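Reading through the structure tokens given below for one structure.
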Amino acid sequence: MKSYKTLAILLAACSLVSVTGCKKILDQTPKSNITPNVLASTGGVVGGITGVYSDLRNLWGTEGFLYYTNFGVDETLAGGGASAGGVAFATYKNYTNNVSDVYNALGGVFNIAYQDINTLNGVLQFGPAAFADVPTRTAYLAQAKFLRAFYYFHLVQTFGAVPLHTTFINTATLSDSRAPIANIYSQIIKDLTEASTELQDKPGQNGSPFAGHAATKASALYLLSKAYLTRGWSTAAQPGDFQSALTTAQTLIANKGTYGVDLYQNYADAYALANDLTNKEDLFAIEHSTDTKYGDFTPGASGGKINGWAYFFRPNYPTVNANYPASGGSGVMTRDLTNGRPFFRVRPNYDYVNNVAFADKSNDYRYWNTFQTTWIANTANITTPRGSLTVGTDTAIWMPPYDPGAAKRASFKGVIFLPPSVAAGVSGANASTSAFFPALKKFDDPSRPSVNDPSSRPVVLFRFSEIYLIAAEAAFKMNDLTTAATMINVLRTRAAFRTSNMPADAIAKMQVTPDQVTLDFILDERTRELYGESLRWWDLTRTQSLVRRVKAYNAEAGPNIQDFMSLRPIPQTEINLVTQGTPIAQNPGF
């Protein structure tokens, strides 16, 4: 059973701590009802932490968050349905001076993060008095340590130096300052080091209310390893960071049985709807539910605390007409639950995805497990110039990553779209567009009550498979290419698997040797393993590869990107709130 029913009862405590009432710490008129007395009670501790978990739904899974984590990178381009702000993030055009669509669009991140950090600071400061039982107190407060580190890691990666607060604030403040990133990383690593030994081994252990996909020792080890790795690349680097990242990752891998985590044999199973409740690759996730008592579900919602991953990546397939590219004729498809709500906010950067990251589609099956390339006819009485489509049998839309040949194109009754670089060399071929493109299918949710409803699937933030890539990157930075290759080959062995028609030599052909391991190979492998999972902008900024890779692969953003764009701008709304003392400085270039 999901943790909703447990946590829903605890949300009564949240009414005491007013999760939405505790405004951002820089607000001149805070409306917090949180008091030390409340936070010194069991209900206050559990309610405060539960409220923070609920607040995460405001970020991961939403459209705004999609824009600043998935856009302006090498693997994606803006879809035709993206907003003006989304296009600015995707292309870096109308970006540096765009206060409303860019700077202040990031304001929600600051607001929610610092609101919740303040709650967590209060839990850690006053919560010890709530528990006589030491093990319970330790495990519960470890949730707060993990979540505080999680937020600060998110902030420092995105904005660089930010305000650092570790004590509870319940009075208005008009001043603040940005702490050095060295101080921020030190706090992150301290919190995660403690949480990695104090958290529960598995969600809901020993009757804990933090069940479902809540934080565990595995969650903390994952994030601690990544924090060491990221600091190692930064100006705050310490000599042992990459070794610590590797050792921590290896600790998680060695203890996977204790924590109940592991890789599935089949890559597709890691994303299967049927595995959501007990997915052994999910190390940390944000839960959703269609039951409004336990979540924030609103039928037909496209904004708010939703999981939109099921439809942000979907093309506008219902508008492909029977005579395409000529006008006229009915749409060859009708929107349905199986094929999803056609929001077309983001599309693959097809030439990079097809020709570089997923160049090998024979031995590596992750391309086919990641993208939907066929749409089976679901509309009766549709006839194209090449024949009538039979519902449930014929393919109405086909987007192969290659040219199927003149004979196949002539006989195919539906509509074919080819990658732009392929279509350019084929007379009369249709190229994919900003509205028509292969769909990311890993997050599909045909269980939604209605076709326009958001998803109730968990938004997975940490996957066990990524720990092998973190370890590989850390080993690479220490010039231990043998260990790096070993870690990568674990995933590449799994990537060759399919349930049928698997080439006998696929696994052998997927193995890489130490001399093949480069930074670009690791980044390409991250795309193959984790495409579209709201990690890419941070991957490229962490490895100091954003500008270089965007210029190399993204024709829409490459001409506009500049070196200073490896940080996002501080929201102007936050800068304006500091009216006493030294003003908060904007990031360079903005």
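By order in the structure tokens, chains are A, B, ...; within a chain, residues start at 1; ligands start at 1, following the order shown.
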Looking only at alpha helix (DSSP H) from DSSP on the backbone, list the matching residues of stretch 203-425 of chain A as a PyMOL selection string.
chain A and resi 217-233+241-254+256-259+309-312+350-352+366-370+406-411+420-423
A:Ser411 surroundings by only C-alpha atoms, 10 Å radius, close-in-sequence under 4 positions cut, as a ChimeraX atom specification
/A:386-387,406-407
May I have the selected residues written with N, CA, C and O atoms, as an mmCIF file, in the first residue's frame?
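selection_24.cif written:
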data_model
loop_
_atom_site.group_PDB
_atom_site.id
_atom_site.type_symbol
_atom_site.label_atom_id
_atom_site.label_comp_id
_atom_site.auth_asym_id
_atom_site.auth_seq_id
_atom_site.Cartn_x
_atom_site.Cartn_y
_atom_site.Cartn_z
ATOM 1 N N ARG A 386 -2.826 6.264 -49.612
ATOM 2 C CA ARG A 386 -2.223 4.949 -49.822
ATOM 3 C C ARG A 386 -3.097 3.797 -49.348
ATOM 4 O O ARG A 386 -2.711 2.637 -49.446
ATOM 5 N N GLY A 387 -4.290 4.110 -48.807
ATOM 6 C CA GLY A 387 -5.198 3.041 -48.405
ATOM 7 C C GLY A 387 -5.958 3.356 -47.135
ATOM 8 O O GLY A 387 -5.727 4.377 -46.476
ATOM 9 N N ALA A 406 12.303 3.333 -50.331
ATOM 10 C CA ALA A 406 11.243 3.852 -51.207
ATOM 11 C C ALA A 406 10.046 2.915 -51.284
ATOM 12 O O ALA A 406 8.887 3.353 -51.251
ATOM 13 N N ALA A 407 10.289 1.616 -51.385
ATOM 14 C CA ALA A 407 9.182 0.671 -51.527
ATOM 15 C C ALA A 407 8.300 0.673 -50.279
ATOM 16 O O ALA A 407 7.063 0.679 -50.384
#
Could you check the closest approach to A:Met487 for each of A:Phe159, A:Gln250, A:Ala396, A:Thr138 and tell me which residue wins, using only C-alpha atoms?
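Counting only C-alpha atoms, the residue closest to A:Met487 is A:Gln250.
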Using only C-alpha atoms, tabulate the residues of stretch 44-89 of chain A lying at most 12 Å from any atom of stretch 449-457 of chain A, each with its closest atom pair and that distance in Å to one decimal, by chain and increasing residue number, as CSV.
residue,atom,partner,partner_atom,distance
A:Arg57,CA,A:Ser456,CA,11.3
A:Gly61,CA,A:Ser455,CA,9.3
A:Thr62,CA,A:Pro454,CA,10.1
A:Glu63,CA,A:Pro454,CA,11.6
So, counting only C-alpha atoms, which residue among A:Phe210, A:Phe110, A:Phe313, A:Phe89 is closest to A:Ile575?
A:Phe110
If we count only C-alpha atoms, what is near A:Thr395 at a cut-off of 12 Å, once residues fewer than 4 positions away on the same chain are taken out, given as a PyMOL selection string?
chain A and resi 332-333+373-379+382+384+387-391+399-400+412-416
Please produce a file of those selected residues containing C-alpha atoms, as a PDB file, in the first residue's frame.
ATOM      1  CA  VAL A 332      -5.505   9.712 -38.503  1.00  0.00           C
ATOM      2  CA  MET A 333      -5.517   9.420 -34.688  1.00  0.00           C
ATOM      3  CA  THR A 373       7.830   5.472 -32.694  1.00  0.00           C
ATOM      4  CA  THR A 374       4.517   3.899 -33.806  1.00  0.00           C
ATOM      5  CA  TRP A 375       0.910   4.926 -33.286  1.00  0.00           C
ATOM      6  CA  ILE A 376      -1.627   2.175 -34.004  1.00  0.00           C
ATOM      7  CA  ALA A 377      -4.801   3.370 -35.737  1.00  0.00           C
ATOM      8  CA  ASN A 378      -7.592   4.088 -33.256  1.00  0.00           C
ATOM      9  CA  THR A 379     -10.052   5.995 -35.489  1.00  0.00           C
ATOM     10  CA  ILE A 382      -9.745   6.938 -42.144  1.00  0.00           C
ATOM     11  CA  THR A 384      -5.010   8.094 -46.755  1.00  0.00           C
ATOM     12  CA  GLY A 387      -5.198   3.041 -48.405  1.00  0.00           C
ATOM     13  CA  SER A 388      -7.708   2.636 -45.585  1.00  0.00           C
ATOM     14  CA  LEU A 389      -6.502   2.204 -42.010  1.00  0.00           C
ATOM     15  CA  THR A 390      -7.829  -0.713 -39.966  1.00  0.00           C
ATOM     16  CA  VAL A 391      -8.342   0.188 -36.311  1.00  0.00           C
ATOM     17  CA  MET A 399       8.545   7.653 -36.931  1.00  0.00           C
ATOM     18  CA  PRO A 400      11.458   5.313 -37.658  1.00  0.00           C
ATOM     19  CA  PHE A 412       2.815   2.190 -46.022  1.00  0.00           C
ATOM     20  CA  LYS A 413      -0.800   3.295 -45.557  1.00  0.00           C
ATOM     21  CA  GLY A 414      -0.180   5.654 -42.668  1.00  0.00           C
ATOM     22  CA  VAL A 415       2.009   8.758 -42.364  1.00  0.00           C
ATOM     23  CA  ILE A 416       5.782   8.496 -41.957  1.00  0.00           C
TER      24      ILE A 416
END
Which residues, written as a list in words, have at least one atom at most 9 Å from stretch 186-196 of chain A, with only C-alpha atoms counted and residues fewer than 6 positions away on the same chain left out?
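Counting only C-alpha atoms, the residues come to Ala139, Leu141, Ala142, Gln143, Ala144, Lys145, Phe146, Arg148, Ala149, Phe150, Tyr152, Phe153, Leu164, Thr166, Thr216, Lys217, Ala218, Ser219, Ala220, Leu221, Leu223, Leu224, Ala227 and Tyr228 of chain A.
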Within 10 Å of A:Phe358, counting only C-alpha atoms, which residues qualify if same-chain residues fewer than 3 places away don't, as a PyMOL selection string?
chain A and resi 350-355+361-362+364-368+401+524-525+527-528
Contacts of A:Ala161 at 6 Å or less, counting only C-alpha atoms, minus same-chain residues fewer than 5 places along, as a ChimeraX atom specification?
/A:178-181
Show me, as a PyMOL selection string, the residues that have an atom within 9 Å of stretch 121-128 of chain A when counting only C-alpha atoms, minus same-chain residues fewer than 5 positions from it.
chain A and resi 34-42+44-46+48-49+116+134+137-138+141-142+144-145+148+165-169
